[in-house]
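Undergrad: To be precise about what I am sending: the file is called coords-v3.cif and holds mmCIF, C-alpha atoms; chains and numbers go by the auth columns.
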data_my_file
#
loop_
_atom_site.group_PDB
_atom_site.id
_atom_site.type_symbol
_atom_site.label_atom_id
_atom_site.label_comp_id
_atom_site.label_asym_id
_atom_site.label_seq_id
_atom_site.Cartn_x
_atom_site.Cartn_y
_atom_site.Cartn_z
_atom_site.B_iso_or_equiv
_atom_site.auth_seq_id
_atom_site.auth_asym_id
ATOM 1 C CA MET A 1 87.603 82.856 63.457 0.00 1378 B
ATOM 2 C CA GLU A 2 90.150 84.062 65.993 0.00 1379 B
ATOM 3 C CA GLU A 3 93.259 81.936 66.553 0.00 1380 B
ATOM 4 C CA ILE A 4 93.867 80.873 70.161 0.00 1381 B
ATOM 5 C CA GLN A 5 97.150 81.981 71.740 0.00 1382 B
ATOM 6 C CA PHE A 6 98.463 79.346 74.143 0.00 1383 B
ATOM 7 C CA SER A 7 100.734 80.191 77.072 0.00 1384 B
ATOM 8 C CA GLN A 8 104.345 79.058 76.918 0.00 1385 B
ATOM 9 C CA GLY A 9 105.611 76.183 79.049 0.00 1386 B
ATOM 10 C CA SER A 10 104.056 73.211 80.747 0.00 1387 B
ATOM 11 C CA VAL A 11 100.692 73.318 82.476 0.00 1388 B
ATOM 12 C CA PRO A 12 101.225 72.444 86.170 0.00 1389 B
ATOM 13 C CA ILE A 13 99.844 69.087 87.280 0.00 1390 B
ATOM 14 C CA ALA A 14 97.915 70.836 90.085 0.00 1391 B
ATOM 15 C CA VAL A 15 96.004 72.863 87.477 0.00 1392 B
ATOM 16 C CA VAL A 16 95.245 69.786 85.372 0.00 1393 B
ATOM 17 C CA ALA A 17 94.085 67.848 88.457 0.00 1394 B
ATOM 18 C CA ARG A 18 91.667 70.683 89.285 0.00 1395 B
ATOM 19 C CA ILE A 19 90.327 70.757 85.711 0.00 1396 B
ATOM 20 C CA TYR A 20 89.689 67.010 85.650 0.00 1397 B
ATOM 21 C CA GLY A 21 88.515 66.893 89.276 0.00 1398 B
ATOM 22 C CA LYS A 22 91.018 64.131 89.998 0.00 1399 B
ATOM 23 C CA ASP A 23 94.099 63.568 92.140 0.00 1400 B
ATOM 24 C CA ALA A 24 97.523 64.543 90.755 0.00 1401 B
ATOM 25 C CA SER A 25 98.630 60.888 90.846 0.00 1402 B
ATOM 26 C CA TRP A 26 95.725 60.028 88.507 0.00 1403 B
ATOM 27 C CA ILE A 27 96.988 62.659 86.051 0.00 1404 B
ATOM 28 C CA ARG A 28 100.573 61.365 86.247 0.00 1405 B
ATOM 29 C CA ALA A 29 99.502 57.738 85.747 0.00 1406 B
ATOM 30 C CA GLY A 30 97.287 58.689 82.802 0.00 1407 B
ATOM 31 C CA ILE A 31 100.088 60.537 81.032 0.00 1408 B
ATOM 32 C CA ILE A 32 102.568 57.712 81.598 0.00 1409 B
ATOM 33 C CA ALA A 33 100.152 54.959 80.535 0.00 1410 B
ATOM 34 C CA GLY A 34 99.025 56.967 77.508 0.00 1411 B
ATOM 35 C CA TRP A 35 95.283 57.070 78.175 0.00 1412 B
ATOM 36 C CA LEU A 36 95.485 60.779 79.014 0.00 1413 B
ATOM 37 C CA PRO A 37 97.042 62.208 75.825 0.00 1414 B
ATOM 38 C CA ILE A 38 97.913 65.692 77.058 0.00 1415 B
ATOM 39 C CA GLY A 39 101.680 65.428 77.497 0.00 1416 B
ATOM 40 C CA LYS A 40 104.796 63.351 78.044 0.00 1417 B
ATOM 41 C CA ALA A 41 106.718 61.931 80.993 0.00 1418 B
ATOM 42 C CA THR A 42 110.509 61.598 80.885 0.00 1419 B
ATOM 43 C CA ARG A 43 113.308 60.458 83.165 0.00 1420 B
ATOM 44 C CA ASP A 44 116.908 61.235 82.264 0.00 1421 B
ATOM 45 C CA GLY A 45 115.744 62.299 78.796 0.00 1422 B
ATOM 46 C CA LYS A 46 113.986 58.988 78.086 0.00 1423 B
ATOM 47 C CA LEU A 47 110.238 58.597 77.666 0.00 1424 B
ATOM 48 C CA VAL A 48 108.482 56.840 80.581 0.00 1425 B
ATOM 49 C CA THR A 49 105.552 54.720 79.335 0.00 1426 B
ATOM 50 C CA LYS A 50 104.970 52.112 82.062 0.00 1427 B
ATOM 51 C CA VAL A 51 103.153 52.822 85.312 0.00 1428 B
ATOM 52 C CA SER A 52 105.453 50.312 87.030 0.00 1429 B
ATOM 53 C CA ASP A 53 108.345 52.734 86.342 0.00 1430 B
ATOM 54 C CA ILE A 54 106.821 55.393 88.624 0.00 1431 B
ATOM 55 C CA ASN A 55 108.921 54.047 91.533 0.00 1432 B
ATOM 56 C CA SER A 56 111.091 56.878 92.896 0.00 1433 B
ATOM 57 C CA LYS A 57 114.120 54.599 93.322 0.00 1434 B
ATOM 58 C CA TYR A 58 114.699 55.047 89.574 0.00 1435 B
ATOM 59 C CA GLY A 59 114.858 58.843 89.882 0.00 1436 B
ATOM 60 C CA ARG A 60 112.636 61.837 89.269 0.00 1437 B
ATOM 61 C CA ILE A 61 110.069 61.842 86.467 0.00 1438 B
ATOM 62 C CA ASN A 62 109.539 65.131 84.645 0.00 1439 B
ATOM 63 C CA PHE A 63 106.164 65.872 83.098 0.00 1440 B
ATOM 64 C CA TYR A 64 105.396 68.181 80.204 0.00 1441 B
ATOM 65 C CA ILE A 65 101.700 68.979 79.743 0.00 1442 B
ATOM 66 C CA SER A 66 100.904 70.773 76.511 0.00 1443 B
ATOM 67 C CA PRO A 67 98.512 73.734 76.779 0.00 1444 B
ATOM 68 C CA LYS A 68 97.250 72.971 73.257 0.00 1445 B
ATOM 69 C CA LEU A 69 96.653 69.255 73.898 0.00 1446 B
ATOM 70 C CA LEU A 70 94.910 70.093 77.193 0.00 1447 B
ATOM 71 C CA TYR A 71 92.649 72.506 75.293 0.00 1448 B
ATOM 72 C CA GLN A 72 91.886 69.882 72.636 0.00 1449 B
ATOM 73 C CA GLU A 73 90.911 67.339 75.311 0.00 1450 B
ATOM 74 C CA THR A 74 89.003 69.619 77.694 0.00 1451 B
ATOM 75 C CA GLY A 75 88.312 72.979 76.054 0.00 1452 B
ATOM 76 C CA TYR A 76 90.242 74.700 78.867 0.00 1453 B
ATOM 77 C CA ILE A 77 92.607 77.516 77.882 0.00 1454 B
ATOM 78 C CA TRP A 78 95.531 77.722 80.320 0.00 1455 B
ATOM 79 C CA LYS A 79 96.627 81.320 80.887 0.00 1456 B
ATOM 80 C CA GLY A 80 99.764 80.673 82.920 0.00 1457 B
ATOM 81 C CA GLU A 81 98.235 80.241 86.380 0.00 1458 B
ATOM 82 C CA ARG A 82 100.015 77.933 88.811 0.00 1459 B
ATOM 83 C CA LYS A 83 97.037 76.568 90.802 0.00 1460 B
#
Just give me the structure as structure tokens.

TA:
Amino acid sequence: MEEIQFSQGSVPIAVVARIYGKDASWIRAGIIAGWLPIGKATRDGKLVTKVSDINSKYGRINFYISPKLLYQETGYIWKGERK
């Protein structure tokens, strides 16, 4: 059995939204709330786990979406594309 080579870096939210057929805000909310276990959301180095913390007055939220976790959830292999 051949081992899968995953691309480096975070899968863009636009790509994930296309895969799931959902809006990008749905993806962001799912990652933050934990019901979409494909990555992490952080603000100032701290994990964001409440949807109520999405408010932009607190600052920018950074998302990391793991290519491996996305594959495990969907079967999609991300090859570095941006859209």

Undergrad: Quick check on the file I pasted: which residues fall under the PyMOL selection byres ((chain B and resi 1404-1406) around 8)? Write them as a ChimeraX atom specification.

TA: /B:1390,1393-1394,1399-1403,1407-1410,1413,1428,1440

Undergrad: Written as a list in words, what is the full residue list that the PyMOL selection byres ((chain B and resi 1421) around 10) yields on the file shown?

TA: Thr1419, Arg1420, Gly1422, Lys1423, Leu1424, Val1425, Tyr1435, Gly1436, Arg1437, Ile1438 and Asn1439 of chain B

Undergrad: Quick one, how far is atom CA of Lys1417 of chain B from atom CA of Glu1380 of chain B?

TA: 24.7 Å

Undergrad: Quick one: residues within 7 Å of Gly1457 of chain B, only C-alpha atoms, excluding same-chain residues fewer than 2 positions away - as JSON, numbers by chain?

TA: {"B": [1384, 1455, 1459]}

Undergrad: Of the candidates B:Ser1443, B:Glu1379, B:Lys1427, B:Val1388, which one gets nearest to Lys1456 of chain B if we count only C-alpha atoms?

TA: B:Val1388

Undergrad: When you look at Glu1450 of chain B with a cut-off of 12 Å (counting all atoms listed in the file), what residues show up, excluding the ones that are within fewer than 6 positions of it in the same chain? I need them as a list in words.

TA: Val1393, Ile1396, Tyr1397, Trp1412, Leu1413, Pro1414, Ile1415, Gly1416, Ile1442, Ser1443 and Pro1444 of chain B

Undergrad: Please measure the separation of atom CA of Lys1434 of chain B and atom CA of Ala1418 of chain B, giving the value in Å to one decimal.

TA: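 Value for the atom CA of Lys1434 of chain B-atom CA of Ala1418 of chain B distance: 16.1 Å.
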
Undergrad: Hey, which of B:Ser1429, B:Glu1458, B:Gly1398, B:Gly1411 ends up closest to Gly1386 of chain B? Count all atoms listed in the file.

TA: B:Glu1458
